[in-house]
Every structure is written in C-alpha cells, then in structure tokens.
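File shown: coords.csv. Contents: CSV, C-alpha atoms.
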chain,number,residue,atom,x,y,z
K,1,MET,CA,35.8,65.9,-72.1
K,2,ALA,CA,38.6,66.2,-74.7
K,3,ILE,CA,41.3,64.1,-73.2
K,4,PRO,CA,43.4,61.1,-74.2
K,5,ILE,CA,41.8,57.6,-74.0
K,6,LEU,CA,43.1,55.7,-70.9
K,7,ARG,CA,37.9,59.1,-70.5
K,8,ALA,CA,22.5,66.8,-73.3
K,9,ALA,CA,20.9,70.3,-74.3
K,10,MET,CA,18.4,69.7,-71.6
K,11,ILE,CA,17.4,71.1,-68.3
K,12,SER,CA,15.3,68.6,-66.3
K,13,HIS,CA,12.8,69.5,-63.7
K,14,PHE,CA,11.3,67.4,-60.9
K,15,GLN,CA,9.9,64.0,-61.6
K,16,PHE,CA,9.2,61.2,-59.2
K,17,GLN,CA,11.3,58.4,-60.9
K,18,PRO,CA,15.0,57.6,-61.2
K,19,LEU,CA,15.9,58.0,-64.9
K,20,ILE,CA,19.1,58.7,-66.8
K,21,HIS,CA,19.2,62.4,-67.9
K,22,SER,CA,16.3,63.2,-65.5
K,23,ILE,CA,15.7,64.3,-62.0
K,24,SER,CA,14.0,62.4,-59.3
K,25,ALA,CA,12.7,64.1,-56.2
K,26,ILE,CA,12.5,62.2,-53.0
K,27,ASP,CA,9.1,60.4,-52.7
K,28,GLU,CA,6.9,62.6,-50.6
K,29,THR,CA,5.4,59.7,-48.6
K,30,ALA,CA,9.0,58.5,-47.8
K,31,LYS,CA,9.9,62.0,-46.6
K,32,ARG,CA,6.9,62.0,-44.2
K,33,ARG,CA,7.8,58.6,-42.7
K,34,LYS,CA,9.2,58.5,-39.2
K,35,ARG,CA,10.9,55.6,-37.6
K,36,VAL,CA,9.6,54.8,-34.1
K,37,VAL,CA,12.1,53.2,-31.7
K,38,PHE,CA,10.9,51.9,-28.4
K,39,SER,CA,13.0,52.2,-25.3
K,40,SER,CA,12.5,49.7,-22.4
K,41,SER,CA,14.6,51.6,-19.9
K,42,SER,CA,11.5,52.2,-17.7
K,43,SER,CA,8.4,50.3,-16.9
K,44,GLU,CA,6.6,52.1,-19.8
K,45,LEU,CA,7.4,51.9,-23.5
K,46,ASN,CA,8.4,55.4,-24.5
K,47,PRO,CA,8.3,56.2,-28.3
K,48,VAL,CA,11.4,58.1,-29.6
K,49,ILE,CA,11.0,59.8,-33.0
K,50,ARG,CA,14.2,59.9,-35.0
K,51,SER,CA,14.5,62.0,-38.1
K,52,GLU,CA,15.5,60.4,-41.4
K,53,MET,CA,17.7,62.3,-43.9
K,54,SER,CA,17.0,62.5,-47.6
K,55,PHE,CA,17.8,64.6,-50.7
K,56,CYS,CA,15.8,67.2,-52.5
K,57,VAL,CA,17.7,67.3,-55.8
K,58,GLY,CA,17.8,69.7,-58.8
K,59,THR,CA,19.8,69.0,-62.0
K,60,CYS,CA,21.0,70.7,-65.1
K,61,LEU,CA,23.0,69.5,-68.1
K,62,ILE,CA,24.4,71.8,-70.8
K,63,PRO,CA,26.3,70.1,-73.6
K,64,HIS,CA,29.5,71.4,-75.2
K,65,PRO,CA,28.5,74.1,-77.8
K,66,LYS,CA,29.6,71.8,-80.6
K,67,LYS,CA,27.7,68.8,-79.2
K,68,VAL,CA,24.2,70.3,-78.7
K,69,ASN,CA,22.6,68.2,-81.4
K,70,THR,CA,23.9,64.9,-79.8
K,71,GLY,CA,23.3,66.0,-76.2
K,72,GLY,CA,26.9,65.8,-75.2
K,73,GLU,CA,28.8,63.0,-73.5
K,74,ASP,CA,27.9,63.4,-69.9
K,75,ALA,CA,25.3,61.3,-68.1
K,76,PHE,CA,23.7,61.4,-64.7
K,77,PHE,CA,21.0,59.7,-62.6
K,78,VAL,CA,19.0,60.5,-59.4
K,79,SER,CA,17.3,57.8,-57.4
K,80,ASN,CA,15.0,58.1,-54.3
K,81,TYR,CA,16.2,54.8,-53.0
K,82,ASN,CA,16.9,54.9,-49.3
K,83,GLY,CA,18.0,58.4,-48.5
K,84,GLY,CA,18.8,59.1,-52.1
K,85,VAL,CA,21.5,58.3,-54.7
K,86,ILE,CA,23.1,60.7,-57.2
K,87,ALA,CA,25.7,60.0,-59.9
K,88,VAL,CA,27.5,61.7,-62.8
K,89,ALA,CA,29.6,60.1,-65.5
K,90,ASP,CA,31.7,62.0,-68.1
K,91,GLY,CA,32.5,60.2,-71.4
K,92,VAL,CA,36.0,60.4,-72.9
K,93,SER,CA,35.7,62.3,-76.2
K,94,GLY,CA,38.9,60.8,-77.5
K,95,TRP,CA,37.0,57.7,-78.6
K,96,ALA,CA,35.4,59.8,-81.4
K,97,GLU,CA,38.7,59.6,-83.2
K,98,GLU,CA,38.2,55.8,-83.4
K,99,ASP,CA,34.6,56.2,-84.7
K,100,VAL,CA,33.2,55.3,-81.3
K,101,ASP,CA,30.3,57.4,-79.8
K,102,PRO,CA,31.8,58.6,-76.5
K,103,SER,CA,28.3,59.1,-74.9
K,104,LEU,CA,27.4,55.4,-75.1
K,105,PHE,CA,29.7,54.1,-72.3
K,106,PRO,CA,28.8,56.6,-69.6
K,107,ARG,CA,25.0,56.3,-70.4
K,108,GLU,CA,25.1,52.5,-70.2
K,109,LEU,CA,27.3,52.6,-67.1
K,110,LEU,CA,24.8,54.8,-65.2
K,111,ALA,CA,21.8,53.0,-66.5
K,112,ASN,CA,23.3,49.8,-65.0
K,113,ALA,CA,24.2,51.6,-61.8
K,114,SER,CA,20.6,52.8,-61.5
K,115,ASN,CA,19.3,49.2,-62.0
K,116,PHE,CA,21.7,47.9,-59.3
K,117,VAL,CA,21.0,50.5,-56.6
K,118,GLY,CA,18.8,48.2,-54.5
K,119,ASP,CA,20.8,45.1,-55.2
K,120,GLU,CA,21.5,42.9,-52.1
K,121,GLU,CA,25.1,42.4,-52.9
K,122,VAL,CA,25.6,46.2,-53.3
K,123,ASN,CA,24.4,46.7,-49.8
K,124,TYR,CA,24.5,50.5,-50.2
K,125,ASP,CA,28.2,50.5,-51.0
K,126,PRO,CA,29.0,52.9,-53.9
K,127,ARG,CA,32.2,51.1,-54.7
K,128,ILE,CA,30.4,47.8,-55.1
K,129,LEU,CA,27.8,49.6,-57.2
K,130,LEU,CA,30.6,50.8,-59.5
K,131,ARG,CA,31.9,47.3,-59.8
K,132,LYS,CA,28.6,45.7,-60.8
K,133,ALA,CA,27.7,48.5,-63.1
K,134,HIS,CA,31.1,48.5,-64.8
K,135,ALA,CA,31.0,44.7,-65.2
K,136,ALA,CA,27.5,44.9,-66.8
K,137,THR,CA,28.5,47.6,-69.3
K,138,SER,CA,29.2,46.3,-72.8
K,139,SER,CA,29.6,49.5,-74.8
K,140,THR,CA,33.1,50.5,-76.0
K,141,GLY,CA,34.5,53.6,-74.4
K,142,SER,CA,35.5,55.0,-71.0
K,143,ALA,CA,34.3,57.6,-68.5
K,144,THR,CA,35.1,59.3,-65.2
K,145,VAL,CA,32.3,58.7,-62.7
K,146,ILE,CA,31.2,59.7,-59.2
K,147,ILE,CA,28.4,58.1,-57.1
K,148,ALA,CA,27.1,59.3,-53.8
K,149,MET,CA,24.6,57.3,-51.7
K,150,LEU,CA,22.8,58.9,-48.7
K,151,GLU,CA,21.8,56.7,-45.8
K,152,LYS,CA,18.8,57.8,-43.8
K,153,ASN,CA,21.0,58.3,-40.7
K,154,GLY,CA,22.8,61.1,-42.6
K,155,THR,CA,25.9,59.3,-43.7
K,156,LEU,CA,26.9,60.1,-47.3
K,157,LYS,CA,29.0,57.4,-49.0
K,158,ILE,CA,31.0,58.5,-52.0
K,159,ALA,CA,33.0,56.6,-54.6
K,160,ASN,CA,34.9,58.6,-57.3
K,161,VAL,CA,37.0,57.6,-60.2
K,162,GLY,CA,38.6,60.6,-62.1
K,163,ASP,CA,37.7,64.2,-62.0
K,164,CYS,CA,34.0,64.5,-61.5
K,165,GLY,CA,33.5,66.1,-58.1
K,166,LEU,CA,31.4,66.7,-55.1
K,167,LYS,CA,31.3,69.4,-52.5
K,168,VAL,CA,29.4,69.7,-49.3
K,169,ILE,CA,28.4,73.3,-48.2
K,170,ARG,CA,27.3,74.0,-44.6
K,171,ASN,CA,26.5,77.4,-43.3
K,172,GLY,CA,28.2,79.2,-46.2
K,173,HIS,CA,31.4,77.1,-46.1
K,174,VAL,CA,32.8,74.2,-48.1
K,175,ILE,CA,33.3,71.5,-45.4
K,176,PHE,CA,34.2,68.7,-47.8
K,177,SER,CA,35.4,68.3,-51.3
K,178,THR,CA,36.6,65.3,-53.4
K,179,SER,CA,40.0,65.5,-55.0
K,180,PRO,CA,40.5,64.6,-58.7
K,181,GLN,CA,42.5,61.5,-59.6
K,182,GLU,CA,44.7,61.8,-62.7
K,183,HIS,CA,47.6,60.2,-64.5
K,184,TYR,CA,48.8,63.6,-65.6
K,185,PHE,CA,47.2,67.0,-66.4
K,186,ASP,CA,44.0,66.6,-68.3
K,187,CYS,CA,44.2,62.8,-68.2
K,188,PRO,CA,42.1,61.6,-65.3
K,189,PHE,CA,41.5,58.1,-64.0
K,190,GLN,CA,38.6,56.4,-65.9
K,191,LEU,CA,36.6,53.3,-66.0
K,192,SER,CA,36.9,51.7,-69.4
K,193,SER,CA,35.9,48.9,-71.7
K,194,GLU,CA,39.6,48.3,-72.2
K,195,ARG,CA,41.9,46.5,-69.7
K,196,VAL,CA,44.2,49.5,-69.4
K,197,GLY,CA,41.6,51.5,-67.5
K,198,GLN,CA,40.9,51.7,-63.8
K,199,THR,CA,38.5,49.5,-61.8
K,200,TYR,CA,36.3,50.1,-58.8
K,201,LEU,CA,39.3,49.3,-56.6
K,202,ASP,CA,40.9,52.5,-57.8
K,203,ALA,CA,37.9,54.6,-56.6
K,204,ALA,CA,38.5,57.2,-53.9
K,205,VAL,CA,36.0,56.4,-51.2
K,206,SER,CA,34.8,58.9,-48.6
K,207,ASN,CA,32.1,59.1,-45.9
K,208,VAL,CA,30.6,62.4,-44.8
K,209,GLU,CA,28.2,62.9,-41.9
K,210,LEU,CA,25.4,65.3,-43.1
K,211,ILE,CA,22.9,67.4,-41.2
K,212,GLU,CA,19.7,69.0,-42.3
K,213,GLY,CA,20.3,72.1,-44.4
K,214,ASP,CA,23.6,70.9,-45.9
K,215,THR,CA,23.9,71.4,-49.7
K,216,ILE,CA,25.6,68.9,-51.9
K,217,VAL,CA,27.0,70.1,-55.3
K,218,MET,CA,28.0,67.3,-57.7
K,219,GLY,CA,29.2,67.8,-61.2
K,220,SER,CA,31.4,66.9,-64.1
K,221,ASP,CA,34.7,68.7,-64.6
K,222,GLY,CA,32.8,71.1,-66.9
K,223,LEU,CA,31.5,72.7,-63.7
K,224,PHE,CA,34.6,72.6,-61.4
K,225,ASP,CA,37.1,73.6,-64.2
K,226,ASN,CA,35.1,76.8,-64.7
K,227,VAL,CA,33.6,77.8,-61.3
K,228,PHE,CA,35.4,78.6,-58.1
K,229,ASP,CA,34.2,77.7,-54.6
K,230,HIS,CA,33.7,81.4,-53.8
K,231,GLU,CA,31.3,81.6,-56.7
K,232,ILE,CA,29.4,78.5,-55.8
K,233,ILE,CA,28.5,79.6,-52.3
K,234,PRO,CA,26.7,82.9,-53.1
K,235,THR,CA,24.9,81.2,-56.0
K,236,ILE,CA,23.4,78.7,-53.6
K,237,VAL,CA,22.1,81.6,-51.5
K,238,ARG,CA,20.9,83.8,-54.4
K,239,TYR,CA,19.1,81.5,-56.8
K,240,LYS,CA,16.1,79.2,-56.4
K,241,ASP,CA,17.2,76.8,-59.2
K,242,VAL,CA,20.8,76.5,-58.1
K,243,ALA,CA,21.7,73.7,-60.5
K,244,GLU,CA,20.6,75.7,-63.5
K,245,ALA,CA,22.3,78.9,-62.1
K,246,LEU,CA,25.6,77.1,-61.6
K,247,ALA,CA,25.5,75.4,-65.0
K,248,ASN,CA,24.8,78.7,-66.7
K,249,LEU,CA,27.7,80.4,-64.8
K,250,ALA,CA,30.1,77.6,-65.8
K,251,SER,CA,29.0,77.9,-69.4
K,252,SER,CA,29.5,81.6,-69.4
K,253,HIS,CA,33.0,81.3,-67.9
K,254,ALA,CA,33.9,78.5,-70.3
K,255,MET,CA,33.3,80.8,-73.3
K,256,ASP,CA,35.2,83.7,-71.8
K,257,SER,CA,38.8,83.7,-73.1
K,258,ASN,CA,39.8,86.4,-70.6
K,259,PHE,CA,38.4,84.6,-67.5
K,260,ASP,CA,41.1,83.4,-65.2
K,261,SER,CA,39.4,80.0,-64.5
K,262,PRO,CA,40.3,77.2,-62.1
K,263,TYR,CA,41.4,75.3,-65.3
K,264,SER,CA,43.7,78.0,-66.5
K,265,LEU,CA,45.2,78.5,-63.0
K,266,GLU,CA,46.0,74.8,-62.8
K,267,ALA,CA,47.4,74.8,-66.3
K,268,ARG,CA,49.8,77.6,-65.5
K,269,SER,CA,50.8,75.9,-62.3
K,270,ARG,CA,51.8,72.8,-64.4
K,271,GLY,CA,54.0,74.9,-66.7
K,272,PHE,CA,51.6,75.4,-69.7
K,273,GLU,CA,52.1,78.7,-71.6
K,274,PRO,CA,49.9,80.9,-73.7
K,275,PRO,CA,50.0,81.0,-77.5
K,276,LEU,CA,53.0,82.9,-78.9
K,277,TRP,CA,51.1,86.0,-79.8
K,278,LYS,CA,49.9,86.3,-76.2
K,279,LYS,CA,53.4,85.9,-74.9
K,280,ILE,CA,54.6,88.7,-77.2
K,281,LEU,CA,52.0,91.0,-75.8
K,282,GLY,CA,52.9,90.0,-72.2
K,283,MET,CA,49.6,88.2,-71.6
K,284,LYS,CA,49.2,85.1,-69.5
K,285,LEU,CA,47.3,81.9,-70.2
K,286,THR,CA,43.7,82.5,-69.3
K,287,GLY,CA,40.2,81.3,-70.3
K,288,GLY,CA,37.6,78.8,-69.3
K,289,LYS,CA,37.4,75.3,-70.6
K,290,LEU,CA,34.6,74.4,-73.1
K,291,ASP,CA,33.1,71.1,-72.1
K,292,ASP,CA,29.8,69.4,-71.3
K,293,ILE,CA,28.5,70.7,-68.0
K,294,THR,CA,26.5,68.6,-65.6
K,295,VAL,CA,25.3,69.9,-62.2
K,296,LEU,CA,23.4,68.1,-59.5
K,297,VAL,CA,22.5,70.1,-56.3
K,298,GLY,CA,21.0,68.2,-53.4
K,299,GLN,CA,19.5,69.9,-50.3
K,300,VAL,CA,19.5,67.7,-47.2
K,301,VAL,CA,16.1,67.5,-45.5
K,302,SER,CA,14.8,65.5,-42.6
K,303,SER,CA,11.5,63.9,-42.1
Would you mind giving the structure from this file in structure tokens?
Amino acid sequence: MAIPILRAAMISHFQFQPLIHSISAIDETAKRRKRVVFSSSSSELNPVIRSEMSFCVGTCLIPHPKKVNTGGEDAFFVSNYNGGVIAVADGVSGWAEEDVDPSLFPRELLANASNFVGDEEVNYDPRILLRKAHAATSSTGSATVIIAMLEKNGTLKIANVGDCGLKVIRNGHVIFSTSPQEHYFDCPFQLSSERVGQTYLDAAVSNVELIEGDTIVMGSDGLFDNVFDHEIIPTIVRYKDVAEALANLASSHAMDSNFDSPYSLEARSRGFEPPLWKKILGMKLTGGKLDDITVLVGQVVSS
C-alpha cells in the first residue's frame, strides 16, 4: 500500500496447520465433533445435538507487480482454533523511503497474533488479540489489520484497524460489510511501531451472527479498491477456488487504466482530477489501483 506513514507471489492450498502466508483448513476431527447437552425437564435424560460452526477457508496472495521478488507487503494467517480465526495485515510501503522493509512489521504482527490465539487473557476477543500482538511486535513499521474469530455458536467477532475489509454474503446478498477507517483519502488508520499510530482501542469492533452456508470474504484494500460487491457475488457462485478467482479479478482490474474501479470512483468523489492530458480530451479519472492483493474466503459449515 503506497500511503503516507502514520501504513507474496504465492497461491496457497489447503494444509492442516495455522501458518503465516499459508492456509489452514478446519481440523476434520473437530468438524465431526458434536456437543451433547442433556436436558432434565423430564424423568429421562434426553440428548440434544447442537451443531457447531466452523470455517472452510481458501486463500490467495498476489503481490504488487513491482514486488513479486520480495513477496509483497501483505501478510495473513488462518487458524483452526475454536471455530476458526482469519486475519490480514497490509504493510505501509512508505517505510521503504526510510530504508525500512515494510513487510517485516505486518508479518511479525500476525505471527504474534497467531501465537496468542489461544491465550487465556485474549479469551477469544479479537481486540485483545490485537493488543497483545501489537505489544509483542518489535519490528519498525506499520500496518492496517483485520482479525475475525468465529465461535462455535456462530458468532463472528471482528476487530479492524484501517482499510482491510470483510464482507458476509448470504443467499446472494452482502448482509454485512466493515467500513474503512482513515485520517484522509488514502491514509488509513494503522498500528505502528511509532507512538503516532493507532492502538487496539481504535479498532472498529463488530459481531455478526452466521449461519451454515454463509460466505466470508476478507481482504486487503488491494481487493476492495479494485472489485465491486456486484462482482464478488457471482464469482462466489461461479468458481470453485473463489479466493484465487477474486484475487485474479482484482489484479486484472488493477492493471486496467480504463476500468472505473471503486478506488477511482472514491477518488473522484473526493475531488481528485485526471492528468491534464486526459482533461483536455474530456476524459475522467479512471483506472484500478496497483497494490498487493490478499484474499481469504471462508465458507461456514456446521458439524
């Protein structure tokens, strides 16, 4: 993300372990477990089977075309803890101007978050997870970040700092979407190694009740700056590997100077104008936004 400081070529497939820059499917034995609750409302003990919710997750990360050799500055992790945990962090590329590798901070931040997922103090609260992960991060830099934690009862807990995003799709409709936090256009809130940045207290916190069959789309701004909601929904229906399909779509739009992207629409609404030569020709400001693109797609399943 090329923004002021205040913020890999890899497609991963299913593995059964939570790792940075990898995908972790939900443990099959955990998916098959059922919780038996006994009722004593009659003379007999009647077993009641309650379904437990979890994620089946796919991921894709496509770095900025100029950052393919270094893997880009996004990071993500997927964990099968409880109902599942997913997270994305987007490093602030402006640190490169100070000879700091912008990828180090987001990668260490999410490595720490992955380690603290089961911490007793965290108690399955994504904002506390952000606090502990941030406090443990020693790298210089900053990043936007979003974490979502699914409880087995279907409650999705979300904490978001900046302009990474998450959408919940149900029956072909977006029923929930996070809102970006920003100081001004193209300068989002960010966790930082410096005191001027935001903290976990600035995170936007949301709870969403999920049902079986819901689809969760999480991504860095490289996804949502280049792909509209009305493109996400048919992609979910059409493709088996939805994360890869969405990332490829975002990458294609990002490199299309004529595409009227969500980013260009927002820029025009903020008063930004096209280059002089375009104005002379009567052309408007258009085009996608080149960036690292990270996409995580979770399908909600029940045991």
Inset, instruction - Using only C-alpha atoms, give me every residue within 8 Å of (26.7, 76.3, -59.8) in file coordinates, as a PyMOL selection string. - result: chain K and resi 217+223+227+231-232+235-236+242-250+295
Inset, instruction - May I have the residues within 12 Å of Leu296 in chain K as a PyMOL selection string, using all atoms listed in the file and disregarding those fewer than 3 positions away in the same chain? - result: chain K and resi 11-13+21-25+55-62+75-78+85-89+146-148+164-168+215-220+223+241-247+293+299
Inset, instruction - Report the distance between CA of Phe224 in chain K and CA of Val196 in chain K in Å, rounded to one decimal place. - result: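 CA of Phe224 in chain K sits 26.3 Å away from CA of Val196 in chain K.
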Inset, instruction - Could you please give me, as a list in words, the residues of protein, DNA or RNA lying at most 6 Å from (33.4, 56.2, -52.3) in the coordinate frame of the file, considering all atoms listed in the file? - result: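 Returned residue set, sorted by chain then number, is Pro126, Arg127, Lys157, Ile158, Ala159, Asn160, Ala204, Val205 and Ser206 of chain K.
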Inset, instruction - Can you work out which one of K:Glu212, K:Asp225, K:Asp256, K:Glu73 has the shortest atom-to-atom distance to Ala96 in chain K, counting all atoms listed in the file? - result: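 Result for the nearest residue to Ala96 in chain K: K:Glu73.
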Inset, instruction - Could you check how far CA of Lys67 in chain K sits from CA of Gly288 in chain K, in Å to one decimal? - result: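 So the two atoms, CA of Lys67 in chain K and CA of Gly288 in chain K, lie 17.2 Å apart.
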Inset, instruction - Would you please work out which residue, of K:Thr286, K:Asn226, K:Ala135, K:Leu129, is nearest to Ala203 in chain K when using all atoms listed in the file? - result: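 Using all atoms listed in the file, Ala203 in chain K sits closest to K:Leu129.
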Inset, instruction - Find the residues near range 101-111 of chain K: any atom within 9 Å, counting all atoms listed in the file, skip ones fewer than 6 places away on the same chain, and give them as number ranges by chain. - result: K: 7, 19-21, 70-77, 87-95, 130, 133-145, 192-193
Legend entry - One-decimal distance in Å that lies between CA of Asn82 in chain K and CA of Val297 in chain K: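 So the answer is 17.6 Å.
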Inset, instruction - Kindly indicate which residue among K:Thr155, K:Ser54, K:Asn115, K:Asn69 lies nearest to Leu210 in chain K, using only C-alpha atoms for the distances. - result: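 Nearest to Leu210 in chain K: K:Thr155.
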